[in-house]
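Source file my_file_18.pdb; content: PDB, C-alpha atoms, pLDDT in the B column.
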ATOM      1  CA  MET O  19       0.000   0.000   0.000  1.00 55.00           C
ATOM      2  CA  LYS O  20       1.437   3.309  -1.067  1.00 69.00           C
ATOM      3  CA  ARG O  21       1.509   6.130   1.453  1.00 67.00           C
ATOM      4  CA  SER O  22       0.033   9.481   0.534  1.00 76.00           C
ATOM      5  CA  GLU O  23       0.035  12.791   2.292  1.00 82.00           C
ATOM      6  CA  ALA O  24      -1.745  12.861   5.607  1.00 83.00           C
ATOM      7  CA  LYS O  25      -5.225  14.363   5.581  1.00 84.00           C
ATOM      8  CA  SER O  26      -7.147  15.708   8.508  1.00 87.00           C
ATOM      9  CA  ILE O  27     -10.367  13.999   9.516  1.00 87.00           C
ATOM     10  CA  LYS O  28     -12.265  17.210   8.768  1.00 84.00           C
ATOM     11  CA  ASP O  29     -11.039  17.161   5.153  1.00 86.00           C
ATOM     12  CA  ILE O  30     -11.996  13.506   4.761  1.00 85.00           C
ATOM     13  CA  ILE O  31     -15.503  14.066   6.170  1.00 85.00           C
ATOM     14  CA  ASP O  32     -16.010  17.190   4.025  1.00 83.00           C
ATOM     15  CA  ALA O  33     -14.969  15.289   0.909  1.00 86.00           C
ATOM     16  CA  ALA O  34     -17.330  12.407   1.740  1.00 86.00           C
ATOM     17  CA  LEU O  35     -20.250  14.805   2.319  1.00 80.00           C
ATOM     18  CA  ASN O  36     -19.572  16.621  -0.949  1.00 84.00           C
ATOM     19  CA  GLU O  37     -19.312  13.378  -2.918  1.00 87.00           C
ATOM     20  CA  SER O  38     -22.590  12.074  -1.521  1.00 84.00           C
ATOM     21  CA  GLY O  39     -24.410  15.381  -2.057  1.00 80.00           C
ATOM     22  CA  MET O  40     -25.286  15.652   1.624  1.00 84.00           C
ATOM     23  CA  ALA O  41     -23.238  18.780   2.397  1.00 83.00           C
ATOM     24  CA  SER O  42     -26.192  21.165   2.146  1.00 85.00           C
ATOM     25  CA  THR O  43     -28.382  18.931   4.323  1.00 87.00           C
ATOM     26  CA  PHE O  44     -25.611  18.718   6.885  1.00 86.00           C
ATOM     27  CA  ASP O  45     -25.267  22.521   6.913  1.00 87.00           C
ATOM     28  CA  GLU O  46     -29.021  22.918   7.436  1.00 90.00           C
ATOM     29  CA  GLN O  47     -28.990  20.509  10.365  1.00 91.00           C
ATOM     30  CA  LYS O  48     -25.960  22.263  11.804  1.00 91.00           C
ATOM     31  CA  LEU O  49     -27.864  25.560  11.654  1.00 92.00           C
ATOM     32  CA  CYS O  50     -30.768  24.065  13.604  1.00 92.00           C
ATOM     33  CA  TYR O  51     -28.279  22.843  16.189  1.00 94.00           C
ATOM     34  CA  LEU O  52     -26.682  26.320  16.450  1.00 95.00           C
ATOM     35  CA  TRP O  53     -29.993  28.143  17.099  1.00 96.00           C
ATOM     36  CA  PRO O  54     -29.761  27.894  20.935  1.00 95.00           C
ATOM     37  CA  GLU O  55     -26.182  29.176  20.896  1.00 95.00           C
ATOM     38  CA  VAL O  56     -27.076  32.195  18.747  1.00 95.00           C
ATOM     39  CA  VAL O  57     -30.261  33.302  20.541  1.00 95.00           C
ATOM     40  CA  GLY O  58     -29.411  32.100  24.043  1.00 95.00           C
ATOM     41  CA  PRO O  59     -31.285  29.948  26.546  1.00 95.00           C
ATOM     42  CA  GLY O  60     -33.986  32.551  27.294  1.00 94.00           C
ATOM     43  CA  ILE O  61     -35.330  32.600  23.745  1.00 94.00           C
ATOM     44  CA  ASN O  62     -34.631  28.929  23.130  1.00 95.00           C
ATOM     45  CA  ARG O  63     -36.920  28.082  26.053  1.00 96.00           C
ATOM     46  CA  TYR O  64     -39.895  29.253  23.953  1.00 96.00           C
ATOM     47  CA  THR O  65     -38.773  27.432  20.789  1.00 96.00           C
ATOM     48  CA  THR O  66     -40.754  24.297  20.007  1.00 95.00           C
ATOM     49  CA  ARG O  67     -39.657  23.420  16.476  1.00 95.00           C
ATOM     50  CA  ARG O  68     -37.091  24.584  13.917  1.00 95.00           C
ATOM     51  CA  TYR O  69     -36.104  23.418  10.447  1.00 95.00           C
ATOM     52  CA  VAL O  70     -34.678  24.677   7.140  1.00 95.00           C
ATOM     53  CA  GLU O  71     -36.585  24.355   3.876  1.00 94.00           C
ATOM     54  CA  ASN O  72     -35.403  25.822   0.559  1.00 92.00           C
ATOM     55  CA  GLY O  73     -32.964  28.200   2.240  1.00 92.00           C
ATOM     56  CA  VAL O  74     -35.573  29.531   4.682  1.00 96.00           C
ATOM     57  CA  PHE O  75     -35.236  28.894   8.408  1.00 97.00           C
ATOM     58  CA  HIS O  76     -38.594  28.173  10.082  1.00 97.00           C
ATOM     59  CA  VAL O  77     -38.901  28.687  13.846  1.00 96.00           C
ATOM     60  CA  TYR O  78     -41.987  27.922  15.952  1.00 97.00           C
ATOM     61  CA  LEU O  79     -42.327  29.893  19.192  1.00 96.00           C
ATOM     62  CA  THR O  80     -44.863  29.635  22.010  1.00 96.00           C
ATOM     63  CA  SER O  81     -44.677  33.302  23.074  1.00 95.00           C
ATOM     64  CA  ALA O  82     -46.549  35.825  20.925  1.00 95.00           C
ATOM     65  CA  ALA O  83     -44.655  38.751  22.421  1.00 95.00           C
ATOM     66  CA  LEU O  84     -41.291  37.149  21.689  1.00 95.00           C
ATOM     67  CA  LYS O  85     -42.469  36.242  18.199  1.00 96.00           C
ATOM     68  CA  ASN O  86     -43.317  39.882  17.537  1.00 95.00           C
ATOM     69  CA  GLU O  87     -39.990  41.092  18.945  1.00 94.00           C
ATOM     70  CA  LEU O  88     -37.942  38.663  16.841  1.00 95.00           C
ATOM     71  CA  GLN O  89     -39.737  39.819  13.666  1.00 95.00           C
ATOM     72  CA  PHE O  90     -37.870  43.117  14.027  1.00 95.00           C
ATOM     73  CA  HIS O  91     -34.502  41.340  14.267  1.00 95.00           C
ATOM     74  CA  ARG O  92     -34.895  38.857  11.401  1.00 95.00           C
ATOM     75  CA  SER O  93     -32.112  40.270   9.223  1.00 95.00           C
ATOM     76  CA  ARG O  94     -29.673  40.297  12.145  1.00 96.00           C
ATOM     77  CA  LEU O  95     -30.634  36.728  13.031  1.00 96.00           C
ATOM     78  CA  VAL O  96     -29.969  35.609   9.449  1.00 96.00           C
ATOM     79  CA  GLU O  97     -26.519  37.199   9.581  1.00 96.00           C
ATOM     80  CA  GLU O  98     -25.689  35.717  12.982  1.00 96.00           C
ATOM     81  CA  LEU O  99     -26.865  32.207  12.063  1.00 95.00           C
ATOM     82  CA  ASN O 100     -24.936  32.218   8.788  1.00 95.00           C
ATOM     83  CA  LYS O 101     -21.872  33.545  10.620  1.00 95.00           C
ATOM     84  CA  ALA O 102     -22.150  30.758  13.213  1.00 94.00           C
ATOM     85  CA  ALA O 103     -22.488  28.157  10.445  1.00 92.00           C
ATOM     86  CA  GLY O 104     -19.455  29.555   8.641  1.00 90.00           C
ATOM     87  CA  GLN O 105     -21.239  30.079   5.317  1.00 91.00           C
ATOM     88  CA  ASN O 106     -24.485  31.352   3.816  1.00 93.00           C
ATOM     89  CA  VAL O 107     -26.988  28.591   4.482  1.00 93.00           C
ATOM     90  CA  ILE O 108     -30.220  30.593   4.788  1.00 95.00           C
ATOM     91  CA  THR O 109     -31.618  33.732   3.175  1.00 95.00           C
ATOM     92  CA  ASN O 110     -34.637  34.394   5.403  1.00 95.00           C
ATOM     93  CA  ILE O 111     -36.313  33.436   8.676  1.00 96.00           C
ATOM     94  CA  ILE O 112     -40.006  32.787   9.106  1.00 96.00           C
ATOM     95  CA  ILE O 113     -41.202  32.901  12.701  1.00 95.00           C
ATOM     96  CA  HIS O 114     -44.391  30.962  13.367  1.00 94.00           C
TER      97      HIS O 114
END
Before we go any further, please render this structure as structure tokens.
Amino acid sequence: MKRSEAKSIKDIIDAALNESGMASTFDEQKLCYLWPEVVGPGINRYTTRRYVENGVFHVYLTSAALKNELQFHRSRLVEELNKAAGQNVITNIIIH
């Protein structure tokens, strides 16, 4: 077996995700995982469901007042979530 240059595990996983076409799905799931870190535990407490569909992040909240407040900060949330993910994954947020 011929030796080749050493590769990091991150590079190997990234290559496997790109080859299988699952990189975008992985990024969407990563964004859902990062939601509590971006908004904090106070807002996350009222979050019941979150998912990404066609580049739009959907968030379901139980507090109407919080829902209204977050509507004003949608563009900042998009920037912060994409920054946390390390790339542009979403273009908009819909708060239900």
Practice task
Can you turn the PyMOL selection byres ((chain O and resi 111) around 7) into a concrete residue list for this file, as an MDAnalysis selection string?
Solution key: chainID O and resid 74:76 92 96 110 112:113
Practice task
Name all residues at most 12 Å from Phe44 in chain O (count only C-alpha atoms; drop same-chain ones fewer than 5 positions away) and give them as a ChimeraX atom specification.
Solution key: /O:31-32,34-36,38-39,49-51,70,103,107
Restricting it to C-alpha atoms, dump the selection as an mmCIF file, keeping the file's coordinate frame.
data_model
loop_
_atom_site.group_PDB
_atom_site.id
_atom_site.type_symbol
_atom_site.label_atom_id
_atom_site.label_comp_id
_atom_site.auth_asym_id
_atom_site.auth_seq_id
_atom_site.Cartn_x
_atom_site.Cartn_y
_atom_site.Cartn_z
ATOM 1 C CA ILE O 31 -15.503 14.066 6.170
ATOM 2 C CA ASP O 32 -16.010 17.190 4.025
ATOM 3 C CA ALA O 34 -17.330 12.407 1.740
ATOM 4 C CA LEU O 35 -20.250 14.805 2.319
ATOM 5 C CA ASN O 36 -19.572 16.621 -0.949
ATOM 6 C CA SER O 38 -22.590 12.074 -1.521
ATOM 7 C CA GLY O 39 -24.410 15.381 -2.057
ATOM 8 C CA LEU O 49 -27.864 25.560 11.654
ATOM 9 C CA CYS O 50 -30.768 24.065 13.604
ATOM 10 C CA TYR O 51 -28.279 22.843 16.189
ATOM 11 C CA VAL O 70 -34.678 24.677 7.140
ATOM 12 C CA ALA O 103 -22.488 28.157 10.445
ATOM 13 C CA VAL O 107 -26.988 28.591 4.482
#
Could you state which residues are captured by the PyMOL selection byres ((chain O and resi 59-65) around 9) in this file, as a compact mmCIF listing (two decimals) with C-alpha atoms, in the coordinates of the input?
# COMPACT_ATOMS: atom_id res chain seq x y z
CA TRP O 53 -29.99 28.14 17.10
CA PRO O 54 -29.76 27.89 20.94
CA GLU O 55 -26.18 29.18 20.90
CA VAL O 57 -30.26 33.30 20.54
CA GLY O 58 -29.41 32.10 24.04
CA THR O 66 -40.75 24.30 20.01
CA ARG O 67 -39.66 23.42 16.48
CA ARG O 68 -37.09 24.58 13.92
CA VAL O 77 -38.90 28.69 13.85
CA TYR O 78 -41.99 27.92 15.95
CA LEU O 79 -42.33 29.89 19.19
CA THR O 80 -44.86 29.64 22.01
CA SER O 81 -44.68 33.30 23.07
CA LEU O 84 -41.29 37.15 21.69
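Our summary of the geometry notes that CA of Ser93 in chain O is positioned 15.4 Å from CA of Gln105 in chain O.
Among the candidates O:Glu71, O:His114, O:Asp45, O:Ile108, the one nearest to Leu88 in chain O when counting only C-alpha atoms is O:His114.
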Handout entry: Residue among O:Ala83, O:Ser42, O:His91, O:Gly73 lying closest to Thr109 in chain O, counting all atoms listed in the file
Key =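 With all atoms listed in the file as the atom set, the closest residue is O:Gly73.
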Problem - Interatomic distance (Å, one decimal) between CA of Lys25 in chain O and CA of Thr43 in chain O - result: 23.6 Å
Please, can range 29-49 of chain O be completed to N, CA and C atoms and returned as an mmCIF file, in the frame of the given file?
data_model
loop_
_atom_site.group_PDB
_atom_site.id
_atom_site.type_symbol
_atom_site.label_atom_id
_atom_site.label_comp_id
_atom_site.auth_asym_id
_atom_site.auth_seq_id
_atom_site.Cartn_x
_atom_site.Cartn_y
_atom_site.Cartn_z
ATOM 1 N N ASP O 29 -11.113 17.179 6.617
ATOM 2 C CA ASP O 29 -11.039 17.161 5.153
ATOM 3 C C ASP O 29 -11.655 15.893 4.576
ATOM 4 N N ILE O 30 -11.442 14.774 5.227
ATOM 5 C CA ILE O 30 -11.996 13.506 4.761
ATOM 6 C C ILE O 30 -13.516 13.514 4.865
ATOM 7 N N ILE O 31 -14.044 14.005 5.990
ATOM 8 C CA ILE O 31 -15.503 14.066 6.170
ATOM 9 C C ILE O 31 -16.129 15.042 5.179
ATOM 10 N N ASP O 32 -15.496 16.216 4.987
ATOM 11 C CA ASP O 32 -16.010 17.190 4.025
ATOM 12 C C ASP O 32 -16.045 16.608 2.610
ATOM 13 N N ALA O 33 -15.012 15.894 2.245
ATOM 14 C CA ALA O 33 -14.969 15.289 0.909
ATOM 15 C C ALA O 33 -16.064 14.234 0.757
ATOM 16 N N ALA O 34 -16.289 13.437 1.802
ATOM 17 C CA ALA O 34 -17.330 12.407 1.740
ATOM 18 C C ALA O 34 -18.723 13.045 1.638
ATOM 19 N N LEU O 35 -18.951 14.122 2.391
ATOM 20 C CA LEU O 35 -20.250 14.805 2.319
ATOM 21 C C LEU O 35 -20.471 15.431 0.950
ATOM 22 N N ASN O 36 -19.440 16.018 0.380
ATOM 23 C CA ASN O 36 -19.572 16.621 -0.949
ATOM 24 C C ASN O 36 -19.814 15.573 -2.026
ATOM 25 N N GLU O 37 -19.135 14.440 -1.934
ATOM 26 C CA GLU O 37 -19.312 13.378 -2.918
ATOM 27 C C GLU O 37 -20.714 12.779 -2.867
ATOM 28 N N SER O 38 -21.263 12.675 -1.654
ATOM 29 C CA SER O 38 -22.590 12.074 -1.521
ATOM 30 C C SER O 38 -23.717 13.073 -1.753
ATOM 31 N N GLY O 39 -23.383 14.369 -1.845
ATOM 32 C CA GLY O 39 -24.410 15.381 -2.057
ATOM 33 C C GLY O 39 -25.161 15.756 -0.791
ATOM 34 N N MET O 40 -24.614 15.393 0.347
ATOM 35 C CA MET O 40 -25.286 15.652 1.624
ATOM 36 C C MET O 40 -24.741 16.883 2.351
ATOM 37 N N ALA O 41 -23.860 17.635 1.725
ATOM 38 C CA ALA O 41 -23.238 18.780 2.397
ATOM 39 C C ALA O 41 -24.267 19.839 2.759
ATOM 40 N N SER O 42 -25.194 20.128 1.851
ATOM 41 C CA SER O 42 -26.192 21.165 2.146
ATOM 42 C C SER O 42 -27.144 20.717 3.252
ATOM 43 N N THR O 43 -27.519 19.449 3.266
ATOM 44 C CA THR O 43 -28.382 18.931 4.323
ATOM 45 C C THR O 43 -27.664 18.979 5.667
ATOM 46 N N PHE O 44 -26.396 18.657 5.661
ATOM 47 C CA PHE O 44 -25.611 18.718 6.885
ATOM 48 C C PHE O 44 -25.535 20.153 7.407
ATOM 49 N N ASP O 45 -25.334 21.118 6.509
ATOM 50 C CA ASP O 45 -25.267 22.521 6.913
ATOM 51 C C ASP O 45 -26.596 22.994 7.490
ATOM 52 N N GLU O 46 -27.711 22.546 6.926
ATOM 53 C CA GLU O 46 -29.021 22.918 7.436
ATOM 54 C C GLU O 46 -29.244 22.354 8.839
ATOM 55 N N GLN O 47 -28.846 21.115 9.044
ATOM 56 C CA GLN O 47 -28.990 20.509 10.365
ATOM 57 C C GLN O 47 -28.075 21.188 11.386
ATOM 58 N N LYS O 48 -26.896 21.564 10.935
ATOM 59 C CA LYS O 48 -25.960 22.263 11.804
ATOM 60 C C LYS O 48 -26.547 23.607 12.238
ATOM 61 N N LEU O 49 -27.237 24.282 11.337
ATOM 62 C CA LEU O 49 -27.864 25.560 11.654
ATOM 63 C C LEU O 49 -28.951 25.390 12.706
#
